[in-house]
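A.B. asks: The structure file work.cif (mmCIF, C-alpha atoms) is provided below.
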```
data_coords
#
loop_
_atom_site.label_atom_id
_atom_site.label_comp_id
_atom_site.auth_asym_id
_atom_site.auth_seq_id
_atom_site.Cartn_x
_atom_site.Cartn_y
_atom_site.Cartn_z
CA PRO A 234 99.10 125.05 59.02
CA PRO A 235 102.24 123.11 60.08
CA SER A 236 101.88 119.51 61.19
CA LEU A 237 101.88 119.23 64.99
CA LYS A 238 103.79 116.24 66.35
CA THR A 239 105.79 114.92 69.27
CA TYR A 240 109.26 113.98 68.00
CA PRO A 241 111.00 110.79 69.21
CA GLN A 242 113.83 112.85 70.73
CA ALA A 243 111.25 114.43 73.09
CA TRP A 244 111.10 111.14 74.98
CA LEU A 245 114.90 111.00 75.18
CA VAL A 246 115.05 114.52 76.62
CA LEU A 247 112.29 113.54 79.05
CA PHE A 248 114.38 110.53 80.13
CA PHE A 249 117.36 112.76 80.99
CA LEU A 250 115.10 115.18 82.87
CA VAL A 251 113.71 112.25 84.89
CA MET A 252 117.32 111.17 85.60
CA LEU A 253 118.05 114.68 86.89
CA ARG A 254 114.89 114.69 89.01
CA THR A 255 115.92 111.31 90.43
CA ALA A 256 119.38 112.60 91.39
CA VAL A 257 117.86 115.70 93.01
CA SER A 258 115.42 113.60 95.06
CA VAL A 259 118.17 111.23 96.24
CA PHE A 260 120.12 114.34 97.29
CA GLN A 261 117.09 115.70 99.18
CA PHE A 262 116.34 112.50 101.12
CA THR A 263 119.94 111.56 101.96
CA PHE A 264 119.71 112.48 105.64
CA SER A 265 115.99 112.40 106.42
CA VAL A 266 115.78 108.61 105.88
CA VAL A 267 118.59 107.95 108.40
CA PRO A 268 117.88 110.72 110.94
CA ASN A 269 119.14 108.94 114.04
CA LEU A 270 122.52 108.05 112.51
CA THR A 271 122.86 111.57 111.08
CA ALA A 272 122.12 113.13 114.47
CA GLU A 273 124.69 110.88 116.15
CA TYR A 274 127.36 111.43 113.47
CA PHE A 275 127.24 115.22 113.75
CA SER A 276 126.23 115.34 117.45
CA VAL A 277 123.07 117.33 116.68
CA SER A 278 119.41 116.87 117.67
CA LEU A 279 116.70 115.38 115.46
CA THR A 280 115.38 118.93 115.08
CA GLY A 281 118.83 119.84 113.68
CA VAL A 282 118.53 116.98 111.18
CA ASN A 283 115.06 118.23 110.19
CA TRP A 284 116.60 121.61 109.37
CA LEU A 285 118.57 119.92 106.60
CA ALA A 286 115.14 119.35 105.02
CA ASN A 287 113.72 122.70 106.13
CA VAL A 288 116.52 124.66 104.47
CA GLN A 289 115.63 122.94 101.19
CA CYS A 290 112.09 124.30 101.45
CA LEU A 291 113.40 127.80 102.19
CA VAL A 292 115.74 127.70 99.18
CA TYR A 293 112.89 126.41 97.00
CA VAL A 294 110.54 129.17 98.10
CA PHE A 295 113.13 131.91 97.59
CA LEU A 296 114.29 130.72 94.16
CA SER A 297 110.73 130.14 92.95
CA PHE A 298 110.26 133.91 92.92
CA PHE A 299 112.78 133.97 90.07
CA THR A 300 112.41 130.64 88.24
CA GLY A 301 109.62 131.83 85.92
CA TRP A 302 111.77 134.76 84.81
CA LEU A 303 114.88 132.55 84.67
CA PHE A 304 113.23 129.93 82.46
CA GLU A 305 112.12 132.63 80.02
CA LYS A 306 115.70 133.96 79.83
CA LEU A 307 117.64 130.67 79.74
CA GLY A 308 115.20 128.29 78.02
CA VAL A 309 114.71 124.63 78.92
CA LYS A 310 118.18 123.22 78.14
CA ARG A 311 120.32 125.81 79.92
CA SER A 312 117.97 125.78 82.93
CA LEU A 313 118.42 122.01 83.24
CA ILE A 314 122.21 122.27 82.88
CA LEU A 315 122.25 124.83 85.70
CA ALA A 316 120.11 122.52 87.86
CA GLY A 317 122.41 119.56 87.17
CA PHE A 318 125.50 121.59 88.05
CA LEU A 319 124.02 122.82 91.36
CA CYS A 320 122.98 119.29 92.39
CA ALA A 321 126.42 117.85 91.60
CA ALA A 322 128.24 120.77 93.30
CA GLY A 323 126.08 120.54 96.44
CA SER A 324 126.63 116.78 96.63
CA ALA A 325 130.40 117.19 96.31
CA ILE A 326 130.50 119.87 99.05
CA ARG A 327 128.53 117.61 101.40
CA TYR A 328 130.96 114.76 100.75
CA ILE A 329 133.92 117.01 101.61
CA ALA A 330 132.06 118.23 104.72
CA ILE A 331 131.49 114.65 105.88
CA LYS A 332 135.23 114.02 105.65
CA LEU A 333 135.79 117.16 107.77
CA ASN A 334 132.92 116.17 110.10
CA SER A 335 131.50 119.69 109.72
CA PHE A 336 127.74 120.12 110.04
CA PRO A 337 127.86 123.82 108.94
CA ILE A 338 129.64 122.89 105.68
CA VAL A 339 127.08 120.12 105.11
CA MET A 340 124.43 122.82 105.45
CA VAL A 341 126.25 124.94 102.83
CA GLY A 342 126.24 121.97 100.42
CA GLN A 343 122.59 121.39 101.25
CA VAL A 344 121.70 124.98 100.34
CA ILE A 345 123.62 124.87 97.02
CA GLY A 346 122.26 121.46 95.98
CA SER A 347 118.73 122.40 97.03
CA ALA A 348 118.69 125.11 94.36
CA ALA A 349 118.49 122.32 91.76
CA SER A 350 115.02 121.30 92.93
CA PRO A 351 112.99 124.35 91.83
CA LEU A 352 114.97 124.57 88.58
CA SER A 353 114.23 120.95 87.66
CA LEU A 354 110.63 120.75 88.93
CA ASN A 355 109.10 124.19 88.29
CA ILE A 356 110.05 123.79 84.62
CA MET A 357 107.65 120.83 84.30
CA THR A 358 104.81 122.54 82.38
CA MET A 359 107.16 124.68 80.26
CA PHE A 360 109.14 121.56 79.34
CA ALA A 361 105.98 119.62 78.44
CA SER A 362 104.58 122.45 76.29
CA THR A 363 107.96 122.92 74.56
CA TRP A 364 108.37 119.27 73.58
CA PHE A 365 104.95 117.54 73.61
CA THR A 366 101.64 117.88 71.80
CA GLU A 367 98.60 118.64 73.94
CA ASN A 368 97.41 115.01 74.13
CA LYS A 369 100.73 113.87 75.65
CA ARG A 370 101.52 116.70 78.07
CA ALA A 371 99.89 115.26 81.18
CA THR A 372 101.75 111.99 80.57
CA ALA A 373 105.08 113.84 80.21
CA GLY A 374 104.33 115.90 83.31
CA MET A 375 103.51 112.71 85.19
CA PHE A 376 107.01 111.35 84.55
CA VAL A 377 108.61 114.59 85.76
CA ALA A 378 106.46 114.83 88.90
CA SER A 379 106.86 111.14 89.83
CA ASN A 380 109.37 110.81 92.67
CA TYR A 381 111.59 107.96 91.43
CA GLY A 382 114.52 109.41 93.36
CA ALA A 383 112.62 109.19 96.65
CA ILE A 384 111.95 105.49 96.00
CA LEU A 385 115.61 104.85 95.17
CA GLY A 386 116.85 106.91 98.12
CA MET A 387 114.52 105.35 100.67
CA PHE A 388 115.40 101.81 99.62
CA MET A 389 119.11 102.37 99.02
CA ILE A 390 120.28 104.80 101.70
CA PRO A 391 118.99 102.94 104.83
CA ALA A 392 120.23 99.65 103.32
CA ILE A 393 123.81 100.88 102.80
CA THR A 394 123.93 103.16 105.86
CA THR A 395 123.49 100.92 108.89
CA LYS A 396 126.60 102.16 110.78
CA LEU A 397 128.12 105.59 111.39
CA GLU A 398 131.27 104.79 109.40
CA GLN A 399 129.17 104.09 106.29
CA ILE A 400 127.86 107.66 106.00
CA PRO A 401 130.86 108.97 103.95
CA LYS A 402 130.46 106.12 101.44
CA THR A 403 126.75 106.95 101.10
CA LEU A 404 127.55 110.61 100.39
CA MET A 405 130.07 109.53 97.74
CA ILE A 406 127.45 107.36 96.00
CA VAL A 407 124.94 110.26 96.03
CA THR A 408 127.61 112.51 94.46
CA ILE A 409 128.29 109.96 91.70
CA ILE A 410 124.53 109.73 90.95
CA ALA A 411 124.37 113.54 90.67
CA ALA A 412 127.38 113.63 88.30
CA VAL A 413 125.93 110.88 86.07
CA ALA A 414 122.65 112.83 85.79
CA PHE A 415 124.45 116.13 85.08
CA ILE A 416 126.81 115.25 82.21
CA PRO A 417 124.25 114.10 79.54
CA LEU A 418 122.37 117.42 79.82
CA PHE A 419 125.06 119.13 77.71
CA PHE A 420 124.14 116.90 74.75
CA ILE A 421 120.33 117.18 74.66
CA PRO A 422 118.72 119.35 71.91
CA ALA A 423 117.45 122.77 73.02
CA LYS A 424 114.03 122.41 71.32
CA PRO A 425 112.21 120.24 68.74
CA PRO A 426 112.56 120.94 64.98
CA THR A 427 109.02 122.38 64.92
CA PRO A 428 106.75 123.52 67.81
CA PRO A 429 104.32 120.85 69.13
CA SER A 430 101.44 123.34 69.29
CA LEU A 431 100.29 126.57 67.68
CA VAL A 432 100.20 128.17 71.15
CA GLN A 433 104.00 127.92 71.22
CA ASP A 434 104.17 130.51 68.45
CA GLN A 435 101.78 132.93 70.16
CA GLN A 436 103.02 135.89 72.15
CA LYS A 437 102.56 135.48 75.91
CA PRO A 438 102.52 138.26 78.52
CA SER A 439 105.84 139.08 80.22
CA PHE A 440 106.66 137.61 83.63
CA PHE A 441 105.44 140.65 85.59
CA SER A 442 102.36 141.14 83.39
CA GLY A 443 101.55 137.49 84.00
CA LEU A 444 101.76 138.01 87.77
CA LYS A 445 99.26 140.88 87.50
CA LEU A 446 96.82 138.69 85.57
CA LEU A 447 97.16 135.87 88.10
CA SER A 448 96.56 138.20 91.06
CA LYS A 449 92.97 138.63 89.83
CA ASN A 450 92.39 134.97 88.94
CA TYR A 451 90.23 133.50 91.74
CA ASN A 452 90.15 129.96 90.29
CA PHE A 453 93.93 129.81 90.09
CA TRP A 454 94.36 130.66 93.78
CA ILE A 455 91.90 127.96 94.81
CA LEU A 456 94.04 125.47 92.88
CA PHE A 457 97.14 127.04 94.45
CA LEU A 458 95.79 126.22 97.92
CA VAL A 459 94.76 122.68 96.94
CA HIS A 460 98.13 121.89 95.37
CA SER A 461 100.15 123.60 98.12
CA LEU A 462 98.45 121.82 101.00
CA ASN A 463 98.37 118.48 99.17
CA VAL A 464 102.05 118.39 98.18
CA GLY A 465 103.03 120.08 101.47
CA LEU A 466 101.53 117.09 103.29
CA SER A 467 103.58 114.69 101.17
CA ILE A 468 106.82 116.67 101.73
CA ALA A 469 106.29 116.96 105.49
CA PHE A 470 105.29 113.35 106.08
CA GLY A 471 108.11 112.04 103.88
CA THR A 472 110.54 114.11 105.96
CA ILE A 473 109.40 113.02 109.42
CA PHE A 474 107.98 109.53 108.75
CA THR A 475 111.02 107.71 110.15
CA GLN A 476 110.68 109.80 113.32
CA VAL A 477 106.95 108.97 113.50
CA ILE A 478 107.48 105.22 113.78
CA SER A 479 111.03 104.90 115.21
CA PRO A 480 109.85 105.56 118.82
CA TYR A 481 107.86 102.32 118.51
CA GLY A 482 110.94 100.21 117.78
CA TYR A 483 111.13 100.39 113.98
CA THR A 484 114.62 100.68 112.49
CA ASP A 485 115.70 103.23 109.86
CA THR A 486 115.84 100.39 107.32
CA GLU A 487 112.25 99.29 108.05
CA ALA A 488 111.05 102.90 107.90
CA GLY A 489 112.93 103.38 104.63
CA GLN A 490 111.30 100.31 103.12
CA LEU A 491 107.83 101.47 104.16
CA ASN A 492 108.45 104.96 102.83
CA ALA A 493 109.92 103.68 99.56
CA ILE A 494 106.96 101.38 98.87
CA ALA A 495 104.59 104.24 99.70
CA PHE A 496 106.42 106.56 97.30
CA PHE A 497 106.25 103.81 94.68
CA ALA A 498 102.47 103.84 95.16
CA GLY A 499 102.64 107.61 94.74
CA THR A 500 104.54 107.19 91.49
CA LEU A 501 101.86 104.75 90.37
CA GLY A 502 99.22 107.36 91.22
CA CYS A 503 101.02 109.92 89.07
CA SER A 504 101.47 107.32 86.31
CA VAL A 505 97.75 106.54 86.24
CA ALA A 506 96.73 110.21 86.44
CA GLY A 507 98.73 111.35 83.39
CA PRO A 508 97.19 109.08 80.72
CA VAL A 509 93.72 109.24 82.35
CA LEU A 510 93.74 113.04 82.23
CA ASP A 511 95.02 113.05 78.64
CA LYS A 512 92.13 110.77 77.64
CA THR A 513 89.24 112.20 79.67
CA LYS A 514 90.20 115.86 80.39
CA GLN A 515 87.99 115.52 83.52
CA HIS A 516 90.33 117.44 85.86
CA LYS A 517 87.61 118.91 88.12
CA LEU A 518 85.85 115.57 88.55
CA PHE A 519 89.02 113.82 89.72
CA LEU A 520 89.82 116.72 92.03
CA LYS A 521 86.46 116.21 93.79
CA LEU A 522 86.74 112.41 93.88
CA ILE A 523 90.32 112.00 95.07
CA ALA A 524 90.62 114.64 97.84
CA PRO A 525 88.24 112.76 100.23
CA MET A 526 90.33 109.59 99.81
CA VAL A 527 93.43 111.43 101.06
CA LEU A 528 91.51 112.46 104.20
CA VAL A 529 90.23 108.91 104.80
CA SER A 530 93.74 107.45 104.62
CA ASP A 531 95.12 110.12 106.98
CA LEU A 532 92.36 109.35 109.47
CA GLY A 533 93.25 105.66 109.10
CA PHE A 534 96.82 106.45 110.08
CA ILE A 535 95.63 108.05 113.36
CA PHE A 536 93.62 104.93 114.26
CA ILE A 537 96.35 102.39 113.46
CA SER A 538 98.98 104.48 115.29
CA LYS A 539 97.60 103.02 118.51
CA SER A 540 98.87 99.59 117.40
CA PHE A 541 102.37 100.70 116.28
CA ASN A 542 103.80 98.95 119.35
CA TYR A 543 102.57 95.63 118.01
CA LYS A 544 104.66 95.82 114.84
CA ALA A 545 101.73 96.78 112.63
CA PHE A 546 103.98 96.72 109.55
CA ALA A 547 101.28 95.52 107.14
CA ALA A 548 98.67 98.01 108.38
CA ILE A 549 101.11 100.95 108.14
CA LEU A 550 102.13 99.83 104.65
CA PHE A 551 98.51 99.57 103.47
CA VAL A 552 97.48 103.01 104.75
CA MET A 553 100.65 104.69 103.48
CA THR A 554 100.37 103.24 99.97
CA ILE A 555 96.70 104.32 99.71
CA ASN A 556 97.60 107.77 101.03
CA GLN A 557 100.54 108.38 98.68
CA PHE A 558 98.67 106.98 95.66
CA PHE A 559 95.86 109.53 96.04
CA LEU A 560 98.14 112.41 97.10
CA SER A 561 100.26 111.92 93.99
CA PHE A 562 97.24 111.40 91.71
CA LEU A 563 96.18 114.96 92.55
CA VAL A 564 99.52 116.51 91.49
CA PRO A 565 99.10 116.29 87.66
CA VAL A 566 95.42 117.20 88.09
CA ALA A 567 96.22 120.46 89.89
CA ILE A 568 99.22 121.36 87.69
CA GLU A 569 97.37 120.80 84.41
CA LEU A 570 94.25 122.58 85.65
CA GLY A 571 96.40 125.44 86.96
CA SER A 572 97.97 125.85 83.54
CA GLU A 573 94.55 125.87 81.83
CA THR A 574 92.84 128.29 84.23
CA SER A 575 95.73 130.78 84.08
CA TYR A 576 95.95 131.07 80.25
CA PRO A 577 97.51 133.16 78.65
CA VAL A 578 100.06 133.42 81.51
CA SER A 579 103.29 131.53 80.83
CA ASP A 580 103.42 127.90 82.02
CA ALA A 581 106.78 128.63 83.66
CA THR A 582 105.22 131.33 85.84
CA THR A 583 102.17 129.33 86.98
CA SER A 584 104.20 126.18 87.64
CA SER A 585 106.78 128.11 89.69
CA ILE A 586 104.07 129.66 91.86
CA LEU A 587 102.26 126.34 92.41
CA TRP A 588 105.42 124.49 93.46
CA GLN A 589 106.54 127.44 95.58
CA GLY A 590 103.31 127.21 97.55
CA ALA A 591 103.84 123.47 98.04
CA GLN A 592 107.29 124.04 99.52
CA ILE A 593 106.03 126.79 101.85
CA CYS A 594 103.34 124.44 103.17
CA GLY A 595 105.85 121.59 103.49
CA PHE A 596 108.23 123.80 105.44
CA VAL A 597 105.52 125.10 107.80
CA LEU A 598 104.11 121.61 108.39
CA VAL A 599 107.54 120.13 109.22
CA ILE A 600 108.12 122.94 111.75
CA ILE A 601 104.67 122.44 113.34
CA MET A 602 104.91 118.64 113.39
CA ASP A 603 108.38 118.82 114.96
CA MET A 604 107.05 121.23 117.62
CA VAL A 605 104.33 118.80 118.74
CA ARG A 606 106.84 116.00 119.40
CA ASP A 607 106.09 114.60 122.89
CA PRO A 608 109.38 113.86 124.75
CA GLN A 609 107.50 112.76 127.89
CA GLY A 610 104.85 110.72 126.08
CA SER A 611 104.37 106.99 125.72
CA PRO A 612 106.61 106.15 123.97
CA PRO A 613 108.97 109.15 124.41
CA ASN A 614 109.35 111.48 121.38
CA ASN A 615 106.16 110.21 119.71
CA LEU A 616 104.52 112.34 117.00
CA TYR A 617 100.89 111.30 117.49
CA LYS A 618 99.70 114.93 117.45
CA ALA A 619 101.46 115.41 114.08
CA LEU A 620 99.17 112.73 112.60
CA ILE A 621 96.12 114.68 113.81
CA ILE A 622 97.47 117.86 112.19
CA GLN A 623 98.04 115.93 108.96
CA ALA A 624 94.41 114.75 108.89
CA ALA A 625 93.14 118.27 109.64
CA VAL A 626 95.08 119.68 106.65
CA ALA A 627 93.73 116.88 104.41
CA GLY A 628 90.24 117.86 105.54
CA ALA A 629 90.91 121.47 104.51
CA VAL A 630 92.00 120.28 101.03
CA MET A 631 88.76 118.31 100.65
CA LEU A 632 86.65 121.35 101.61
CA LEU A 633 88.44 123.53 99.04
#
```
Mind turning this structure into structure tokens?
C.D. replies:
Amino acid sequence: PPSLKTYPQAWLVLFFLVMLRTAVSVFQFTFSVVPNLTAEYFSVSLTGVNWLANVQCLVYVFLSFFTGWLFEKLGVKRSLILAGFLCAAGSAIRYIAIKLNSFPIVMVGQVIGSAASPLSLNIMTMFASTWFTENKRATAGMFVASNYGAILGMFMIPAITTKLEQIPKTLMIVTIIAAVAFIPLFFIPAKPPTPPSLVQDQQKPSFFSGLKLLSKNYNFWILFLVHSLNVGLSIAFGTIFTQVISPYGYTDTEAGQLNAIAFFAGTLGCSVAGPVLDKTKQHKLFLKLIAPMVLVSDLGFIFISKSFNYKAFAAILFVMTINQFFLSFLVPVAIELGSETSYPVSDATTSSILWQGAQICGFVLVIIMDMVRDPQGSPPNNLYKALIIQAAVAGAVMLL
């Protein structure tokens, strides 16, 4: 039998994929981390600003119906090139729209650039199985799933966007980041010299045959719900967090710093999960242990929200870092377990469906949380009820 190995160039290709994922995340969080300035610049409501995030979820859900089929047709390299192009094109259109002060054109750029997200994230398990041996796949997937771009965006964008006139410069920087991530993708190899596993050489069912097999797979749909609700919580709270604490006197910069540190904790959670899963293979055990911790931290957020008025910066930071660490720890667990329980269905198909569910949940939760905003409350526009909804969803994940 041929020798199975992970080639050094696999790590280089992984680096460029992480760069692309970073650019896509910076693109996604451009407006949600400075919602008040964005609303003022375009003369729209905060709900209008939230729709810049909501449209990303809609695009993700729609395209995820086709990404499994697309990955099979294009392969890893050409799929990533397409993702890089869409991110750079969407960023450029938004920059032009800012110059024209046109919110509808910004939305067009948002739709085009958002298409890069499912192409660069749903490919995670297919990429890992194409380039990495079985004992390194969870680690590779961890790097892809880790949200480095969210950390960069949440630190950088509020720091450089403190006035309305700075918004065009911010959009230009985001466009440059997207272009820098796009260009190297033309030069990466399409696949390793030899497959990293014997499974790579085996025939897998077609896209539609795979869907039929999955429709009867009870265990897969349980994992689908766990992953969808878990990541949906992270997407929704990341989108509205600034609006959760800004009624209490926190600035966009302070909210950005809190969110960035929390996402760093999330990245740490992913980073720990990958190697631990590769070593122990105890996916089910970690699923049962970690889900209750997410609920506990969400309940903690409800209790400390009563002291937001007293500048409870340290308390918010502590609860958010704990919450994001455990939320993100569950991501590689669910993705890897989903891939295992759905065999012999293609990794591209299962990954697309899992991430599609996450975006649907994120979209629905943002809509619901925005609807329970209390304009007449104390303080006005508080989102206290959204925190209760968040904890209730975390409880559902634990029960599953």
A.B. asks: Please enclose the listed atoms of segment 279-294 of chain A in an axis-aligned box, pad each side by 5 Å, and write out the centre and the three edge lengths in Å, rounded to one decimal, as AutoDock Vina command-line options.
C.D. replies:
```
--center_x 114.7 --center_y 122.3 --center_z 106.2 --size_x 18.3 --size_y 23.8 --size_z 28.5
```
A.B. asks: On this structure, the PyMOL selection byres ((chain A and resi 304) around 10) would catch which residues? List them as an NGL selection string, sorted by chain and number.
C.D. replies: :A and (299-303 or 305-313 or 352 or 355-356 or 359-360 or 581-582 or 585)
A.B. asks: Write out as a list in words each polymer residue whose atoms come within 12 Å of Lys396 of chain A, counting only C-alpha atoms; drop sequence neighbours fewer than 6 positions from it.
C.D. replies: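 Answer for this query is Val267, Asn269, Leu270, Thr271, Glu273, Tyr274, Ile390, Lys402, Thr403, Asp485 and Thr486 of chain A.
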A.B. asks: Can you work out the spacing between atom CA of Val578 of chain A and atom CA of Pro438 of chain A in Å, to one decimal?
C.D. replies: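 Distance reported for this atom pair: 6.2 Å.
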A.B. asks: Quick one: residues within 12 Å of Lys445 of chain A, only C-alpha atoms, excluding same-chain residues fewer than 4 positions away - as a list in words?
C.D. replies: Pro438, Ser439, Phe440, Phe441, Lys449, Asn450, Ser575, Pro577, Val578, Thr582 and Thr583 of chain A
A.B. asks: So that I can see what lies close to segment 236-245 of chain A, please list as a PyMOL selection string the residues with an atom at most 9 Å from it, counting all atoms listed in the file and leaving out residues fewer than 6 positions away in the same chain.
C.D. replies: chain A and resi 364-366+369+373+421-422+424-431
A.B. asks: Can you spell out as an mmCIF file with C-alpha atoms, in the frame of the given file the set of residues that the PyMOL selection byres ((chain A and resi 379-389) around 10) selects in the structure I just provided?
C.D. replies:
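So selection-v2.cif came out as:
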```
data_model
loop_
_atom_site.group_PDB
_atom_site.id
_atom_site.type_symbol
_atom_site.label_atom_id
_atom_site.label_comp_id
_atom_site.auth_asym_id
_atom_site.auth_seq_id
_atom_site.Cartn_x
_atom_site.Cartn_y
_atom_site.Cartn_z
ATOM 1 C CA VAL A 251 113.710 112.250 84.890
ATOM 2 C CA MET A 252 117.320 111.170 85.600
ATOM 3 C CA LEU A 253 118.050 114.680 86.890
ATOM 4 C CA ARG A 254 114.890 114.690 89.010
ATOM 5 C CA THR A 255 115.920 111.310 90.430
ATOM 6 C CA ALA A 256 119.380 112.600 91.390
ATOM 7 C CA VAL A 257 117.860 115.700 93.010
ATOM 8 C CA SER A 258 115.420 113.600 95.060
ATOM 9 C CA VAL A 259 118.170 111.230 96.240
ATOM 10 C CA PHE A 260 120.120 114.340 97.290
ATOM 11 C CA GLN A 261 117.090 115.700 99.180
ATOM 12 C CA PHE A 262 116.340 112.500 101.120
ATOM 13 C CA THR A 263 119.940 111.560 101.960
ATOM 14 C CA PHE A 264 119.710 112.480 105.640
ATOM 15 C CA SER A 265 115.990 112.400 106.420
ATOM 16 C CA VAL A 266 115.780 108.610 105.880
ATOM 17 C CA VAL A 267 118.590 107.950 108.400
ATOM 18 C CA GLY A 374 104.330 115.900 83.310
ATOM 19 C CA MET A 375 103.510 112.710 85.190
ATOM 20 C CA PHE A 376 107.010 111.350 84.550
ATOM 21 C CA VAL A 377 108.610 114.590 85.760
ATOM 22 C CA ALA A 378 106.460 114.830 88.900
ATOM 23 C CA ILE A 390 120.280 104.800 101.700
ATOM 24 C CA PRO A 391 118.990 102.940 104.830
ATOM 25 C CA ALA A 392 120.230 99.650 103.320
ATOM 26 C CA ILE A 393 123.810 100.880 102.800
ATOM 27 C CA THR A 394 123.930 103.160 105.860
ATOM 28 C CA THR A 403 126.750 106.950 101.100
ATOM 29 C CA VAL A 407 124.940 110.260 96.030
ATOM 30 C CA GLY A 471 108.110 112.040 103.880
ATOM 31 C CA ASP A 485 115.700 103.230 109.860
ATOM 32 C CA THR A 486 115.840 100.390 107.320
ATOM 33 C CA GLU A 487 112.250 99.290 108.050
ATOM 34 C CA ALA A 488 111.050 102.900 107.900
ATOM 35 C CA GLY A 489 112.930 103.380 104.630
ATOM 36 C CA GLN A 490 111.300 100.310 103.120
ATOM 37 C CA LEU A 491 107.830 101.470 104.160
ATOM 38 C CA ASN A 492 108.450 104.960 102.830
ATOM 39 C CA ALA A 493 109.920 103.680 99.560
ATOM 40 C CA ILE A 494 106.960 101.380 98.870
ATOM 41 C CA ALA A 495 104.590 104.240 99.700
ATOM 42 C CA PHE A 496 106.420 106.560 97.300
ATOM 43 C CA PHE A 497 106.250 103.810 94.680
ATOM 44 C CA ALA A 498 102.470 103.840 95.160
ATOM 45 C CA GLY A 499 102.640 107.610 94.740
ATOM 46 C CA THR A 500 104.540 107.190 91.490
ATOM 47 C CA LEU A 501 101.860 104.750 90.370
ATOM 48 C CA GLY A 502 99.220 107.360 91.220
ATOM 49 C CA CYS A 503 101.020 109.920 89.070
ATOM 50 C CA SER A 504 101.470 107.320 86.310
ATOM 51 C CA SER A 561 100.260 111.920 93.990
ATOM 52 C CA PHE A 562 97.240 111.400 91.710
ATOM 53 C CA VAL A 564 99.520 116.510 91.490
ATOM 54 C CA PRO A 565 99.100 116.290 87.660
#
```
A.B. asks: To one decimal place, how far is atom CA of Ala627 of chain A from atom CA of Gly482 of chain A in Å?
C.D. replies: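 Between these atoms lies a distance of 27.4 Å.
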A.B. asks: Could you tell me which residues the PyMOL selection byres ((chain A and resi 456) around 10) returns for this structure, as a list in words?
C.D. replies: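 Applying the expression gives Tyr451, Asn452, Phe453, Trp454, Ile455, Phe457, Leu458, Val459, His460, Ser461, Leu462, Leu520, Val566, Ala567, Ile568, Leu570, Gly571, Thr574, Leu587, Val630 and Leu633 of chain A.
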A.B. asks: When distances are computed from all atoms listed in the file, which of A:Ile345, A:Val292, A:Cys320, A:Leu447 shows the smallest separation from Ile586 of chain A?
C.D. replies: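 Smallest separation from Ile586 of chain A among the options: A:Leu447.
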A.B. asks: Which residues are close to Val509 of chain A, i.e. within 9 Å by only C-alpha atoms, leaving aside same-chain residues fewer than 5 positions away? Reply as a count of residues only.
C.D. replies: 5
A.B. asks: Just to confirm, what's the straight-line distance from atom CA of Cys594 of chain A to atom CA of Val464 of chain A in Å (one decimal)?
C.D. replies: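 Between atom CA of Cys594 of chain A and atom CA of Val464 of chain A the gap is 7.9 Å.
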A.B. asks: Could you check which residues have any atom within 12 Å of (130.8, 110.8, 92.9), counting only C-alpha atoms with coordinates taken straight from the file, and then list them as a short mmCIF file (atom, residue, chain, number, x, y, z; two decimals) with C-alpha atoms, in the frame of the given file?
C.D. replies:
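Generated output (selection_10.cif):
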```cif
data_model
loop_
_atom_site.label_atom_id
_atom_site.label_comp_id
_atom_site.auth_asym_id
_atom_site.auth_seq_id
_atom_site.Cartn_x
_atom_site.Cartn_y
_atom_site.Cartn_z
CA ALA A 256 119.38 112.60 91.39
CA CYS A 320 122.98 119.29 92.39
CA ALA A 321 126.42 117.85 91.60
CA ALA A 322 128.24 120.77 93.30
CA GLY A 323 126.08 120.54 96.44
CA SER A 324 126.63 116.78 96.63
CA ALA A 325 130.40 117.19 96.31
CA ILE A 326 130.50 119.87 99.05
CA ARG A 327 128.53 117.61 101.40
CA TYR A 328 130.96 114.76 100.75
CA ILE A 329 133.92 117.01 101.61
CA PRO A 401 130.86 108.97 103.95
CA LYS A 402 130.46 106.12 101.44
CA THR A 403 126.75 106.95 101.10
CA LEU A 404 127.55 110.61 100.39
CA MET A 405 130.07 109.53 97.74
CA ILE A 406 127.45 107.36 96.00
CA VAL A 407 124.94 110.26 96.03
CA THR A 408 127.61 112.51 94.46
CA ILE A 409 128.29 109.96 91.70
CA ILE A 410 124.53 109.73 90.95
CA ALA A 411 124.37 113.54 90.67
CA ALA A 412 127.38 113.63 88.30
CA VAL A 413 125.93 110.88 86.07
CA ALA A 414 122.65 112.83 85.79
CA PHE A 415 124.45 116.13 85.08
#
```
